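Q: my_file_3.tsv (TSV, C-alpha atoms and all ligand atoms) pasted underneath:
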chain	number	residue	atom	x	y	z
K	1	VAL	CA	-11.77	7.61	-16.49
K	2	VAL	CA	-14.33	6.23	-18.92
K	3	GLY	CA	-12.32	3.55	-20.67
K	4	ARG	CA	-8.82	2.58	-21.80
K	5	GLY	CA	-7.11	5.79	-22.95
K	6	LEU	CA	-10.26	7.82	-22.33
K	7	VAL	CA	-10.76	10.50	-19.66
K	8	GLN	CA	-13.91	12.56	-19.18
K	9	ALA	CA	-13.15	16.18	-18.15
K	10	GLY	CA	-16.41	18.10	-17.78
K	11	ASP	CA	-18.24	17.62	-21.08
K	12	ARG	CA	-15.03	16.80	-23.01
K	13	THR	CA	-13.67	13.31	-23.56
K	14	LEU	CA	-9.91	13.30	-23.89
K	15	SER	CA	-8.03	10.44	-25.45
K	16	CYS	CA	-4.50	9.58	-24.37
K	17	ARG	CA	-1.81	6.90	-24.55
K	18	GLY	CA	-1.16	6.62	-20.82
K	19	ILE	CA	-3.12	7.52	-17.70
K	20	ILE	CA	-1.63	8.29	-14.28
K	21	LEU	CA	-4.22	7.99	-11.52
K	22	ALA	CA	-3.44	10.37	-8.65
K	23	THR	CA	-6.65	11.06	-6.76
K	24	GLY	CA	-5.00	10.71	-3.33
K	25	GLY	CA	-6.99	9.92	-0.23
K	26	GLU	CA	-10.25	11.00	1.38
K	27	TRP	CA	-11.43	11.11	4.99
K	28	SER	CA	-12.92	7.87	6.18
K	29	SER	CA	-15.44	7.60	8.98
K	30	ARG	CA	-15.85	5.10	11.80
K	31	GLU	CA	-19.25	3.80	12.82
K	32	PHE	CA	-19.99	3.84	16.54
K	33	ASP	CA	-22.85	4.87	18.76
K	34	GLY	CA	-22.81	8.68	18.55
K	35	SER	CA	-20.60	8.95	15.44
K	36	GLY	CA	-23.20	11.25	13.85
K	37	LEU	CA	-23.04	13.91	16.61
K	38	ASP	CA	-22.05	17.48	15.59
K	39	ASP	CA	-18.95	17.40	17.80
K	40	VAL	CA	-17.63	14.27	16.11
K	41	VAL	CA	-15.70	15.70	13.16
K	42	ASN	CA	-13.24	14.76	10.41
K	43	GLY	CA	-9.95	16.47	9.47
K	44	ASP	CA	-11.53	19.06	7.17
K	45	ASP	CA	-14.04	20.16	9.84
K	46	LEU	CA	-11.24	20.30	12.37
K	47	LEU	CA	-8.77	22.33	10.32
K	48	ASN	CA	-11.43	24.68	8.88
K	49	ALA	CA	-12.93	25.48	12.31
K	50	ARG	CA	-12.93	29.16	13.35
K	51	THR	CA	-12.51	28.44	17.04
K	52	LEU	CA	-10.04	26.32	18.95
K	53	PRO	CA	-11.50	23.41	20.94
K	54	GLY	CA	-10.54	23.65	24.62
K	55	ARG	CA	-10.40	19.84	24.90
K	56	ILE	CA	-9.96	17.59	21.88
K	57	ILE	CA	-9.65	13.85	21.27
K	58	LEU	CA	-7.81	12.93	18.08
K	59	HIS	CA	-8.38	9.35	16.99
K	60	GLY	CA	-6.85	7.44	14.12
K	61	ARG	CA	-3.88	5.70	12.58
K	62	SER	CA	-2.57	8.42	10.23
K	63	PRO	CA	1.16	9.08	10.71
K	64	TRP	CA	0.65	12.87	10.69
K	65	ILE	CA	-1.92	12.69	13.52
K	66	VAL	CA	1.05	13.52	15.77
K	67	GLU	CA	1.60	16.81	13.89
K	68	ILE	CA	-2.04	17.74	14.49
K	69	ALA	CA	-1.80	16.76	18.17
K	70	GLN	CA	1.23	18.97	18.66
K	71	PHE	CA	-0.38	21.83	16.72
K	72	PHE	CA	-3.47	21.93	18.96
K	73	ARG	CA	-1.42	21.50	22.12
K	74	ARG	CA	0.77	24.47	21.13
K	75	PHE	CA	-2.32	26.63	20.81
K	76	GLY	CA	-3.41	25.64	24.29
K	77	SER	CA	-5.92	22.83	23.77
K	78	GLU	CA	-5.96	19.82	26.06
K	79	VAL	CA	-5.19	16.97	23.69
K	80	ILE	CA	-5.88	13.25	23.94
K	81	LEU	CA	-4.31	11.28	21.10
K	82	SER	CA	-5.84	7.83	20.75
K	83	THR	CA	-5.02	5.08	18.28
K	84	PRO	CA	-6.10	1.49	17.68
K	85	ASP	CA	-2.42	0.56	17.24
K	86	GLU	CA	-0.14	-0.60	20.05
K	87	THR	CA	2.07	2.41	19.53
K	88	LEU	CA	2.20	5.63	17.49
K	89	LEU	CA	3.95	5.09	14.12
K	90	PRO	CA	3.87	1.29	14.59
K	91	ASN	CA	5.95	0.67	11.46
K	92	GLU	CA	8.91	2.72	12.65
K	93	SER	CA	11.80	1.61	14.85
K	94	LYS	CA	11.59	1.55	18.63
K	95	THR	CA	14.34	4.17	18.74
K	96	ILE	CA	11.93	6.58	17.07
K	97	THR	CA	8.67	5.53	18.72
K	98	THR	CA	9.98	5.67	22.29
K	99	ARG	CA	11.34	9.18	21.72
K	100	LEU	CA	8.11	10.25	20.03
K	101	LYS	CA	6.07	9.06	23.01
K	102	ARG	CA	8.39	10.82	25.46
K	103	MET	CA	8.30	14.03	23.42
K	104	LEU	CA	4.49	14.17	23.16
K	105	THR	CA	3.94	13.23	26.78
K	106	GLY	CA	6.47	15.85	27.86
K	107	GLN	CA	4.61	18.46	25.82
K	108	GLY	CA	1.37	17.58	27.62
K	109	VAL	CA	-0.34	15.35	25.03
K	110	SER	CA	-2.12	12.39	26.62
K	111	ILE	CA	-1.60	9.21	24.57
K	112	LYS	CA	-4.00	6.25	24.58
K	113	THR	CA	-2.98	3.20	22.54
K	114	SER	CA	-4.82	-0.03	21.56
K	115	VAL	CA	-8.07	1.90	21.80
K	116	ARG	CA	-11.40	1.61	19.99
K	117	ILE	CA	-14.08	4.30	20.19
K	118	ALA	CA	-17.07	2.51	21.67
K	119	ARG	CA	-19.52	5.37	22.13
K	120	ALA	CA	-19.88	9.14	22.27
K	121	ARG	CA	-22.71	11.02	23.95
K	122	LYS	CA	-23.42	14.68	24.57
K	123	GLU	CA	-23.67	15.73	28.24
K	124	PRO	CA	-23.92	19.24	29.79
K	125	ASP	CA	-20.16	19.27	30.55
K	126	GLY	CA	-19.11	18.13	27.08
K	127	LEU	CA	-18.79	15.12	24.84
K	128	HIS	CA	-18.39	11.90	26.83
K	129	VAL	CA	-16.33	9.47	24.77
K	130	GLU	CA	-15.94	5.84	25.77
K	131	LEU	CA	-12.53	4.45	24.85
K	132	GLU	CA	-12.55	0.68	24.81
K	133	ARG	CA	-9.43	-1.33	25.60
K	134	GLU	CA	-8.83	-4.94	26.58
K	135	GLU	CA	-8.78	-3.89	30.23
K	136	GLY	CA	-12.17	-2.19	29.98
K	137	ILE	CA	-13.80	1.10	29.10
K	138	GLU	CA	-12.44	4.53	30.01
K	139	THR	CA	-14.68	7.57	29.61
K	140	VAL	CA	-12.99	10.84	28.70
K	141	VAL	CA	-14.66	14.23	28.31
K	142	ALA	CA	-13.84	16.66	25.50
K	143	ASP	CA	-15.37	19.40	23.36
K	144	ARG	CA	-14.66	17.62	20.09
K	145	LEU	CA	-13.71	14.16	18.85
K	146	ALA	CA	-11.85	14.15	15.53
K	147	ILE	CA	-11.60	10.94	13.51
K	148	LEU	CA	-8.47	11.43	11.43
K	149	ASP	CA	-8.21	8.44	9.13
K	150	ARG	CA	-7.93	8.58	5.38
K	151	LYS	CA	-8.48	5.94	2.71
K	152	ALA	CA	-7.59	5.70	-0.96
K	153	ALA	CA	-9.97	7.79	-3.12
K	154	MET	CA	-11.01	5.00	-5.49
K	155	GLY	CA	-14.74	5.68	-5.77
K	156	ASP	CA	-16.07	7.63	-8.80
K	157	LEU	CA	-12.75	7.15	-10.56
K	158	GLY	CA	-14.05	4.82	-13.23
K	159	LEU	CA	-11.67	1.98	-12.36
K	160	ARG	CA	-14.23	-0.58	-13.54
K	161	SER	CA	-14.23	0.95	-17.04
K	162	LEU	CA	-10.56	-0.09	-17.19
K	163	GLY	CA	-11.20	-3.56	-15.83
K	164	LEU	CA	-9.65	-2.64	-12.45
K	165	SER	CA	-11.27	-3.54	-9.15
K	166	GLU	CA	-12.62	-0.90	-6.78
K	167	GLU	CA	-12.46	-3.39	-3.93
K	168	GLY	CA	-9.66	-3.47	-1.36
K	169	GLU	CA	-7.93	-0.84	0.70
K	170	PHE	CA	-5.98	0.81	-2.14
K	171	LEU	CA	-5.09	0.51	-5.83
K	172	LYS	CA	-2.29	-2.03	-6.34
K	173	VAL	CA	0.73	-1.01	-8.41
K	174	ASN	CA	4.15	-2.58	-9.00
K	175	GLU	CA	7.59	-0.94	-8.61
K	176	ARG	CA	7.10	0.75	-12.02
K	177	MET	CA	3.86	2.23	-10.64
K	178	GLU	CA	1.90	0.17	-13.20
K	179	THR	CA	-1.57	-1.09	-12.38
K	180	ALA	CA	-2.74	-4.46	-13.71
K	181	VAL	CA	-3.78	-2.65	-16.94
K	182	ALA	CA	-1.07	-1.70	-19.45
K	183	GLY	CA	-0.65	2.06	-19.84
K	184	VAL	CA	-2.47	2.85	-16.58
K	185	TYR	CA	-0.34	3.96	-13.62
K	186	GLY	CA	-1.17	4.93	-10.05
K	187	ILE	CA	0.72	7.04	-7.52
K	188	GLY	CA	0.49	8.50	-4.02
K	189	ASP	CA	-2.10	7.91	-1.33
K	190	LEU	CA	-4.34	6.16	-3.85
K	191	THR	CA	-1.84	3.31	-4.04
K	192	GLY	CA	-0.77	2.60	-0.47
K	193	PRO	CA	-2.02	1.85	3.03
K	194	LEU	CA	-2.48	4.71	5.48
K	195	SER	CA	0.96	4.09	7.00
K	196	MET	CA	2.48	5.01	3.60
K	197	HIS	CA	0.55	8.27	3.07
K	198	TYR	CA	3.55	10.58	2.73
K	199	SER	CA	4.04	13.33	0.15
K	200	GLY	CA	7.62	12.24	-0.63
K	201	LEU	CA	6.37	8.83	-1.73
K	202	ALA	CA	3.70	10.44	-3.89
K	203	SER	CA	6.31	12.64	-5.63
K	204	ALA	CA	8.83	9.81	-6.08
K	205	GLY	CA	6.13	7.57	-7.55
K	206	ALA	CA	4.93	10.36	-9.84
K	207	LEU	CA	8.37	10.71	-11.45
K	208	VAL	CA	8.62	6.97	-11.99
K	209	ALA	CA	5.10	6.75	-13.44
K	210	ALA	CA	5.66	9.74	-15.75
K	211	GLU	CA	8.93	8.29	-17.07
K	212	ASN	CA	7.40	4.88	-17.70
K	213	ALA	CA	4.39	6.46	-19.38
K	214	MET	CA	6.80	8.24	-21.75
K	215	GLY	CA	8.76	5.08	-22.58
K	216	VAL	CA	11.70	5.47	-20.15
K	217	HIS	CA	12.26	2.43	-17.94
K	218	ALA	CA	12.07	3.51	-14.31
K	219	ALA	CA	11.37	1.80	-10.99
K	220	ILE	CA	10.90	3.03	-7.45
K	221	ASN	CA	13.47	1.96	-4.86
K	222	PRO	CA	11.75	0.77	-1.66
K	223	LYS	CA	15.05	1.17	0.20
K	224	THR	CA	14.71	4.93	-0.16
K	225	PHE	CA	11.06	5.26	0.90
K	226	THR	CA	11.08	8.41	3.00
K	227	ARG	CA	8.64	9.22	5.80
K	228	VAL	CA	9.00	12.71	7.24
K	229	LEU	CA	6.93	14.45	9.88
K	230	PHE	CA	7.22	18.14	10.66
K	231	THR	CA	6.78	17.73	14.35
K	232	GLN	CA	9.02	19.60	16.75
K	233	PRO	CA	11.51	17.98	16.95
K	234	GLN	CA	11.25	16.55	13.46
K	235	ILE	CA	11.06	12.87	12.54
K	236	ALA	CA	12.47	11.48	9.29
K	237	CYS	CA	12.77	7.80	8.43
K	238	VAL	CA	14.39	6.57	5.24
K	239	GLY	CA	14.38	3.01	3.94
K	240	LEU	CA	14.11	-0.13	6.02
K	241	THR	CA	13.79	-0.55	9.76
K	242	LYS	CA	15.68	-3.36	11.50
K	243	ARG	CA	12.43	-5.36	11.68
K	244	GLU	CA	11.71	-4.95	7.95
K	245	ALA	CA	15.30	-5.75	6.95
K	246	LYS	CA	15.25	-8.93	9.05
K	247	HIS	CA	11.90	-9.87	7.56
K	248	LEU	CA	13.47	-9.53	4.08
K	249	GLY	CA	16.18	-11.98	5.10
K	250	TYR	CA	19.09	-9.60	5.72
K	251	ASP	CA	21.65	-10.28	8.43
K	252	VAL	CA	21.25	-6.90	10.08
K	253	VAL	CA	23.58	-4.61	11.97
K	254	VAL	CA	22.37	-1.40	13.66
K	255	GLY	CA	24.21	1.66	14.97
K	256	SER	CA	23.09	4.92	16.51
K	257	ALA	CA	24.47	8.26	17.64
K	258	PRO	CA	22.59	10.62	19.97
K	259	TYR	CA	22.73	14.38	19.35
K	260	SER	CA	23.76	14.74	23.00
K	261	MET	CA	27.18	13.37	21.94
K	262	ASN	CA	27.41	15.68	18.91
K	263	SER	CA	29.24	19.01	19.17
K	264	LEU	CA	26.43	21.14	17.75
K	265	GLY	CA	23.86	18.98	19.53
K	266	MET	CA	25.50	19.88	22.84
K	267	LEU	CA	25.50	23.60	21.95
K	268	LEU	CA	21.81	23.39	21.04
K	269	SER	CA	20.97	21.27	24.13
K	270	GLU	CA	19.51	18.61	21.86
K	271	GLU	CA	18.87	15.99	24.50
K	272	ASP	CA	16.48	13.69	22.65
K	273	GLY	CA	17.86	13.79	19.10
K	274	ILE	CA	19.34	10.65	17.58
K	275	VAL	CA	20.41	9.13	14.27
K	276	GLU	CA	20.03	5.39	13.74
K	277	VAL	CA	21.38	3.43	10.79
K	278	VAL	CA	20.42	-0.07	9.62
K	279	ALA	CA	22.75	-2.03	7.36
K	280	GLU	CA	23.41	-5.56	6.18
K	281	ARG	CA	26.32	-7.14	7.97
K	282	LYS	CA	28.43	-8.74	5.23
K	283	TYR	CA	29.15	-5.74	2.97
K	284	GLY	CA	27.81	-3.10	5.31
K	285	GLU	CA	25.35	-1.77	2.71
K	286	LEU	CA	23.15	0.92	4.22
K	287	LEU	CA	19.48	-0.12	4.16
K	288	GLY	CA	17.86	2.50	6.33
K	289	ALA	CA	18.48	5.66	8.34
K	290	HIS	CA	16.18	7.16	10.93
K	291	PHE	CA	16.45	10.64	12.37
K	292	PHE	CA	14.75	12.23	15.38
K	293	GLY	CA	15.58	15.83	16.26
K	294	SER	CA	16.42	19.18	14.67
K	295	ALA	CA	17.28	19.12	10.95
K	296	ALA	CA	16.06	15.51	10.69
K	297	THR	CA	14.14	16.18	7.49
K	298	GLU	CA	17.16	17.84	5.84
K	299	MET	CA	19.49	14.99	6.82
K	300	ALA	CA	17.01	12.47	5.41
K	301	GLY	CA	17.95	13.74	1.93
K	302	GLN	CA	21.58	12.79	2.55
K	303	ALA	CA	20.39	9.33	3.58
K	304	VAL	CA	18.28	8.94	0.42
K	305	MET	CA	21.31	9.76	-1.71
K	306	ALA	CA	23.60	7.49	0.31
K	307	ILE	CA	21.22	4.53	0.08
K	308	ASP	CA	20.54	5.13	-3.62
K	309	LEU	CA	24.30	5.06	-4.26
K	310	GLU	CA	24.57	1.83	-2.21
K	311	ILE	CA	26.97	3.37	0.29
K	312	THR	CA	28.56	1.06	2.87
K	313	LEU	CA	29.00	1.68	6.60
K	314	GLU	CA	32.75	1.87	6.02
K	315	GLN	CA	32.33	4.68	3.44
K	316	LEU	CA	29.77	6.54	5.54
K	317	GLY	CA	31.90	6.19	8.66
K	318	ARG	CA	34.86	7.73	6.82
K	319	THR	CA	32.84	10.63	5.40
K	320	SER	CA	33.84	13.94	6.99
K	321	PHE	CA	30.68	15.97	7.45
K	322	PRO	CA	31.02	19.72	8.09
K	323	HIS	CA	31.87	20.57	11.69
K	324	PRO	CA	30.08	21.46	13.86
K	325	THR	CA	26.85	20.09	12.39
K	326	LEU	CA	24.23	17.60	13.50
K	327	SER	CA	24.94	15.65	10.31
K	328	GLU	CA	28.19	14.41	11.88
K	329	SER	CA	25.99	12.04	13.89
K	330	PHE	CA	25.09	10.27	10.63
K	331	SER	CA	28.67	9.07	10.12
K	332	GLU	CA	29.08	8.45	13.87
K	333	ALA	CA	26.04	6.12	13.75
K	334	ALA	CA	27.77	4.20	10.92
K	335	ARG	CA	30.96	3.98	13.02
K	336	ASP	CA	28.86	2.77	15.96
K	337	ALA	CA	27.46	-0.02	13.75
K	338	LEU	CA	31.08	-0.92	12.92
K	339	GLN	CA	31.87	-0.79	16.67
K	340	ARG	CA	34.37	2.01	16.07
K	341	PRO	CA	32.58	5.12	17.38
K	342	ILE	CA	34.71	8.22	17.94
K	343	TYR	CA	32.52	10.31	20.25
K	344	LEU	CA	30.43	7.66	22.00
K	345	PRO	CA	31.74	6.40	25.31
K	401	LIG	C1	-3.16	17.10	7.88
K	401	LIG	C2	-2.14	16.38	7.05
K	401	LIG	C3	-0.78	16.48	7.35
K	401	LIG	C4	0.17	15.81	6.57
K	401	LIG	N1	1.51	15.93	6.89
K	401	LIG	C5	2.43	15.28	6.13
K	401	LIG	C6	3.83	15.40	6.40
K	401	LIG	O1	4.26	16.08	7.32
K	401	LIG	N2	4.70	14.74	5.62
K	401	LIG	C7	4.28	13.98	4.57
K	401	LIG	O2	5.13	13.41	3.86
K	401	LIG	N3	2.97	13.84	4.28
K	401	LIG	C8	2.03	14.47	5.04
K	401	LIG	N4	0.70	14.32	4.75
K	401	LIG	C9	0.30	13.38	3.68
K	401	LIG	C10	0.42	14.03	2.30
K	401	LIG	O3	-0.34	15.23	2.28
K	401	LIG	C11	-0.11	13.05	1.26
K	401	LIG	O4	0.60	11.83	1.38
K	401	LIG	C12	0.07	13.58	-0.14
K	401	LIG	O5	-0.62	14.80	-0.30
K	401	LIG	C13	-0.45	12.57	-1.14
K	401	LIG	O6	-0.36	13.10	-2.43
K	401	LIG	P1	-1.33	12.59	-3.57
K	401	LIG	O7	-0.93	13.34	-4.80
K	401	LIG	O8	-1.37	11.12	-3.61
K	401	LIG	O9	-2.80	13.04	-3.12
K	401	LIG	P2	-3.41	14.49	-2.81
K	401	LIG	O10	-2.36	15.45	-2.37
K	401	LIG	O11	-4.57	14.21	-1.89
K	401	LIG	O12	-3.93	14.99	-4.21
K	401	LIG	C14	-5.00	14.34	-4.89
K	401	LIG	C15	-5.73	15.39	-5.73
K	401	LIG	O13	-6.63	14.74	-6.62
K	401	LIG	C16	-7.87	15.44	-6.63
K	401	LIG	N5	-8.93	14.49	-7.05
K	401	LIG	C17	-9.50	13.51	-6.31
K	401	LIG	N6	-10.42	12.85	-7.06
K	401	LIG	C18	-10.42	13.41	-8.29
K	401	LIG	C19	-11.12	13.16	-9.50
K	401	LIG	N7	-12.01	12.18	-9.60
K	401	LIG	N8	-10.86	13.96	-10.55
K	401	LIG	C20	-9.93	14.95	-10.48
K	401	LIG	N9	-9.22	15.23	-9.36
K	401	LIG	C21	-9.46	14.46	-8.29
K	401	LIG	C22	-8.01	15.92	-5.20
K	401	LIG	O14	-8.92	17.00	-5.12
K	401	LIG	C23	-6.57	16.34	-4.88
K	401	LIG	O15	-6.32	17.65	-5.27
K	401	LIG	C24	-0.26	15.01	5.49
K	401	LIG	C25	-1.63	14.89	5.20
K	401	LIG	C26	-2.56	15.56	5.97
K	401	LIG	C27	-4.04	15.41	5.61
Turn the structure described in the file into structure tokens.
Ligand SMILES: Cc1cc2nc3c(=O)[nH]c(=O)nc-3n(C[C@H](O)[C@H](O)[C@H](O)COP(=O)(O)OP(=O)(O)OC[C@H]3O[C@@H](n4cnc5c(N)ncnc54)[C@H](O)[C@@H]3O)c2cc1C
A:
Amino acid sequence: VVGRGLVQAGDRTLSCRGIILATGGEWSSREFDGSGLDDVVNGDDLLNARTLPGRIILHGRSPWIVEIAQFFRRFGSEVILSTPDETLLPNESKTITTRLKRMLTGQGVSIKTSVRIARARKEPDGLHVELEREEGIETVVADRLAILDRKAAMGDLGLRSLGLSEEGEFLKVNERMETAVAGVYGIGDLTGPLSMHYSGLASAGALVAAENAMGVHAAINPKTFTRVLFTQPQIACVGLTKREAKHLGYDVVVGSAPYSMNSLGMLLSEEDGIVEVVAERKYGELLGAHFFGSAATEMAGQAVMAIDLEITLEQLGRTSFPHPTLSESFSEAARDALQRPIYLP
């Protein structure tokens, strides 16, 4: 971007009425003693590699780091997943994070939380990586250390030519995806913290930005923000968690239904799957729905529609989903929140 309504593409300067900035994210590095070693890599190096590392440490705060951990574990690598946060997916509900931890541990992924990389050094038996925690330093040995964080790609974008700041973690936009400059919009990873780097949010924001740029009034609905991860089993979180809803001042009611009490869930031996709903107490308006287990990402679409249409727990609890399907747990979770479950003991 070279000025208001001006974009440089190669040697051509294009003029336009509106600009939608969508440069996404880029890998960010961490500085520590040994961060320049060959075996300390970023996501591109890791995913483009021709050989599988026998032992790998994945470090970062990206939500999809768990997909990568599972991927390498499946192919036989020994995987250590370390994060500076107190838990994986710290923004999601405990219902999801406890199951996620159990799932990864059960699959053989070693999880280290509240960790900082202090130092890495090459030794004959591999890369010695010092993981620093409050309790002290733990040294783990691996073939590769991958730093898997991304940051908004704001550099070289010409934001200053528009009067926008290049400082800060990401480009700020409002619910219409407008930046501080009229006619300039931003979407996707460029406009949110790492915890919000999800493709569904990028697409939803793109539609809103495109409509506003063309004169249609549109706004994004934070209650339908969708975070999906294609782990096995899948994770899909829509809208607000209990913590977020409380923080926004709602009087919150929560209900859940495990797949183990669902007819198809029993047939499929889905022991860990669960649906959790979050609603406000007075009218029972659905504010969030979180899914862990098979078909979670498909069911998330039903939740987006339900929340967008301002469905209540009463309506959801009375909805007859096809039988036998895992989706029946969605209405059972609503009935649980109303303290009228059918299948739960
Ligand atoms: C390994 C991995 C796994 C993921 N798994 C999931 C998942 O399971 N679920 C999920 O929801 N999300 C997942 N994500 C996140 C998801 O990919 C991103 O949130 C999404 O791609 C963001 O879309 P975007 O359009 O903002 O940016 P991007 O998809 O990054 O697109 C930005 C584009 O802009 C181009 N560009 C950059 N600068 C310029 C410039 N100056 N001029 C022209 N073009 C430029 C880039 O080359 C790129 O093509 C994953 C990400 C990674 C890395």
Q: To box ligand LIG 401 (chain K), take all atoms listed in the file, fit an axis-aligned box, add 3 Å on each side, and give centre and edge lengths in Å to one decimal, as JSON.
A:
{"center_x": -3.4, "center_y": 14.4, "center_z": -1.3, "size_x": 23.1, "size_y": 12.5, "size_z": 24.4}
Q: Please indicate the distance in Å from atom O5 of ligand LIG 401 (chain K) to atom CA of K:Gly5, rounded to one decimal place.
A: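 Those two atoms sit 25.2 Å apart.
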Q: Can you tell me which residues come within 8 Å of ligand LIG 401 (chain K) when counting all atoms listed in the file, ideally as a PyMOL selection string?
A: chain K and resi 22-26+43+63-65+67-68+150+153+156-157+187-191+196-203+226-231
Q: Point out the residue among K:Tyr185, K:Pro124, K:Leu148, K:Asn91 with the least atom-to-atom distance to K:Ile19, counting all atoms listed in the file.
A: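 Of all the options, K:Tyr185 lies closest to K:Ile19.
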Q: Within 10 Å of K:Thr97, counting all atoms listed in the file, which residues show up once you throw out same-chain ones fewer than 4 positions away? Write them as a list in words, please.
A: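 Returned residues: Thr87, Leu88, Leu89, Pro90, Asn91, Glu92, Ser93, Lys101, Arg102, Met103, Ile235 and Phe292 of chain K.
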Q: Using only C-alpha atoms, which residues sit within 10 Å of K:Ser110 once same-chain residues fewer than 2 positions away are excluded, as a PyMOL selection string?
A: chain K and resi 57+69+78-82+101+104-108+112
Q: Would you export the selected residues with C-alpha atoms as a tab-separated table (two decimals), keeping the file's coordinate frame, please?
A:
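Output file again.tsv follows:
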chain	number	residue	atom	x	y	z
K	57	ILE	CA	-9.65	13.85	21.27
K	69	ALA	CA	-1.80	16.76	18.17
K	78	GLU	CA	-5.96	19.82	26.06
K	79	VAL	CA	-5.19	16.97	23.69
K	80	ILE	CA	-5.88	13.25	23.94
K	81	LEU	CA	-4.31	11.28	21.10
K	82	SER	CA	-5.84	7.83	20.75
K	101	LYS	CA	6.07	9.06	23.01
K	104	LEU	CA	4.49	14.17	23.16
K	105	THR	CA	3.94	13.23	26.78
K	106	GLY	CA	6.47	15.85	27.86
K	107	GLN	CA	4.61	18.46	25.82
K	108	GLY	CA	1.37	17.58	27.62
K	112	LYS	CA	-4.00	6.25	24.58
Q: One decimal, in Å: what's the spacing between atom CA of K:Gln70 and atom CA of K:Ala120?
A: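 Straight-line distance from atom CA of K:Gln70 to atom CA of K:Ala120 works out to 23.6 Å.
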Q: Work out how far apart atom CA of K:Val115 and atom CA of K:Thr95 are and give it in Å to one decimal.
A: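 It comes out at 22.7 Å.
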Q: Between K:Arg99, K:Arg144, K:His323, K:Arg4, which has the minimum distance to K:Gly265 (counting only C-alpha atoms)?
A: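 Of K:Arg99, K:Arg144, K:His323, K:Arg4, the one nearest K:Gly265 is K:His323, counting only C-alpha atoms.
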Q: May I have the residues within 12 Å of K:Arg340 as a list in words, using all atoms listed in the file and disregarding those fewer than 6 positions away in the same chain?
A: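 Residues meeting the cut-off are Gly255, Ser256, Ala257, Leu313, Glu314, Gly317, Arg318, Ser331, Glu332, Ala333 and Ala334 of chain K.
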Q: The selected residues should be written to file as an mmCIF file, in the frame of the given file (atoms: C-alpha atoms).
A:
data_model
loop_
_atom_site.group_PDB
_atom_site.id
_atom_site.type_symbol
_atom_site.label_atom_id
_atom_site.label_comp_id
_atom_site.auth_asym_id
_atom_site.auth_seq_id
_atom_site.Cartn_x
_atom_site.Cartn_y
_atom_site.Cartn_z
ATOM 1 C CA GLY K 255 24.210 1.660 14.970
ATOM 2 C CA SER K 256 23.090 4.920 16.510
ATOM 3 C CA ALA K 257 24.470 8.260 17.640
ATOM 4 C CA LEU K 313 29.000 1.680 6.600
ATOM 5 C CA GLU K 314 32.750 1.870 6.020
ATOM 6 C CA GLY K 317 31.900 6.190 8.660
ATOM 7 C CA ARG K 318 34.860 7.730 6.820
ATOM 8 C CA SER K 331 28.670 9.070 10.120
ATOM 9 C CA GLU K 332 29.080 8.450 13.870
ATOM 10 C CA ALA K 333 26.040 6.120 13.750
ATOM 11 C CA ALA K 334 27.770 4.200 10.920
#
Q: For K:Leu47, work out the shell of residues within 12 Å, counting all atoms listed in the file and skipping chain neighbours fewer than 3 positions away, then give it as a PDB file with C-alpha atoms, keeping the file's coordinate frame.
A:
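Ended up saving to around13.pdb:
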ATOM      1  CA  VAL K  41     -15.700  15.700  13.160  1.00  0.00           C
ATOM      2  CA  ASN K  42     -13.240  14.760  10.410  1.00  0.00           C
ATOM      3  CA  GLY K  43      -9.950  16.470   9.470  1.00  0.00           C
ATOM      4  CA  ASP K  44     -11.530  19.060   7.170  1.00  0.00           C
ATOM      5  CA  ARG K  50     -12.930  29.160  13.350  1.00  0.00           C
ATOM      6  CA  THR K  51     -12.510  28.440  17.040  1.00  0.00           C
ATOM      7  CA  LEU K  52     -10.040  26.320  18.950  1.00  0.00           C
ATOM      8  CA  PRO K  53     -11.500  23.410  20.940  1.00  0.00           C
ATOM      9  CA  ILE K  68      -2.040  17.740  14.490  1.00  0.00           C
ATOM     10  CA  ALA K  69      -1.800  16.760  18.170  1.00  0.00           C
ATOM     11  CA  PHE K  71      -0.380  21.830  16.720  1.00  0.00           C
ATOM     12  CA  PHE K  72      -3.470  21.930  18.960  1.00  0.00           C
ATOM     13  CA  ALA K 146     -11.850  14.150  15.530  1.00  0.00           C
ATOM     14  CA  LEU K 148      -8.470  11.430  11.430  1.00  0.00           C
TER      15      LEU K 148
END
Q: Tell me, as a PyMOL selection string, which residues lie within 12 Å of K:Phe225, counting only C-alpha atoms; anything in the same chain fewer than 4 positions away does not count.
A: chain K and resi 175+195-205+220-221+236-241+287-290+300-301+303-305+307-308
Q: With all atoms listed in the file as the atoms that count, which of K:Ile342, K:Ile117, K:Ala213, K:Leu248 lies nearest to K:Ser35?
A: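 Closest to K:Ser35, using all atoms listed in the file: K:Ile117.
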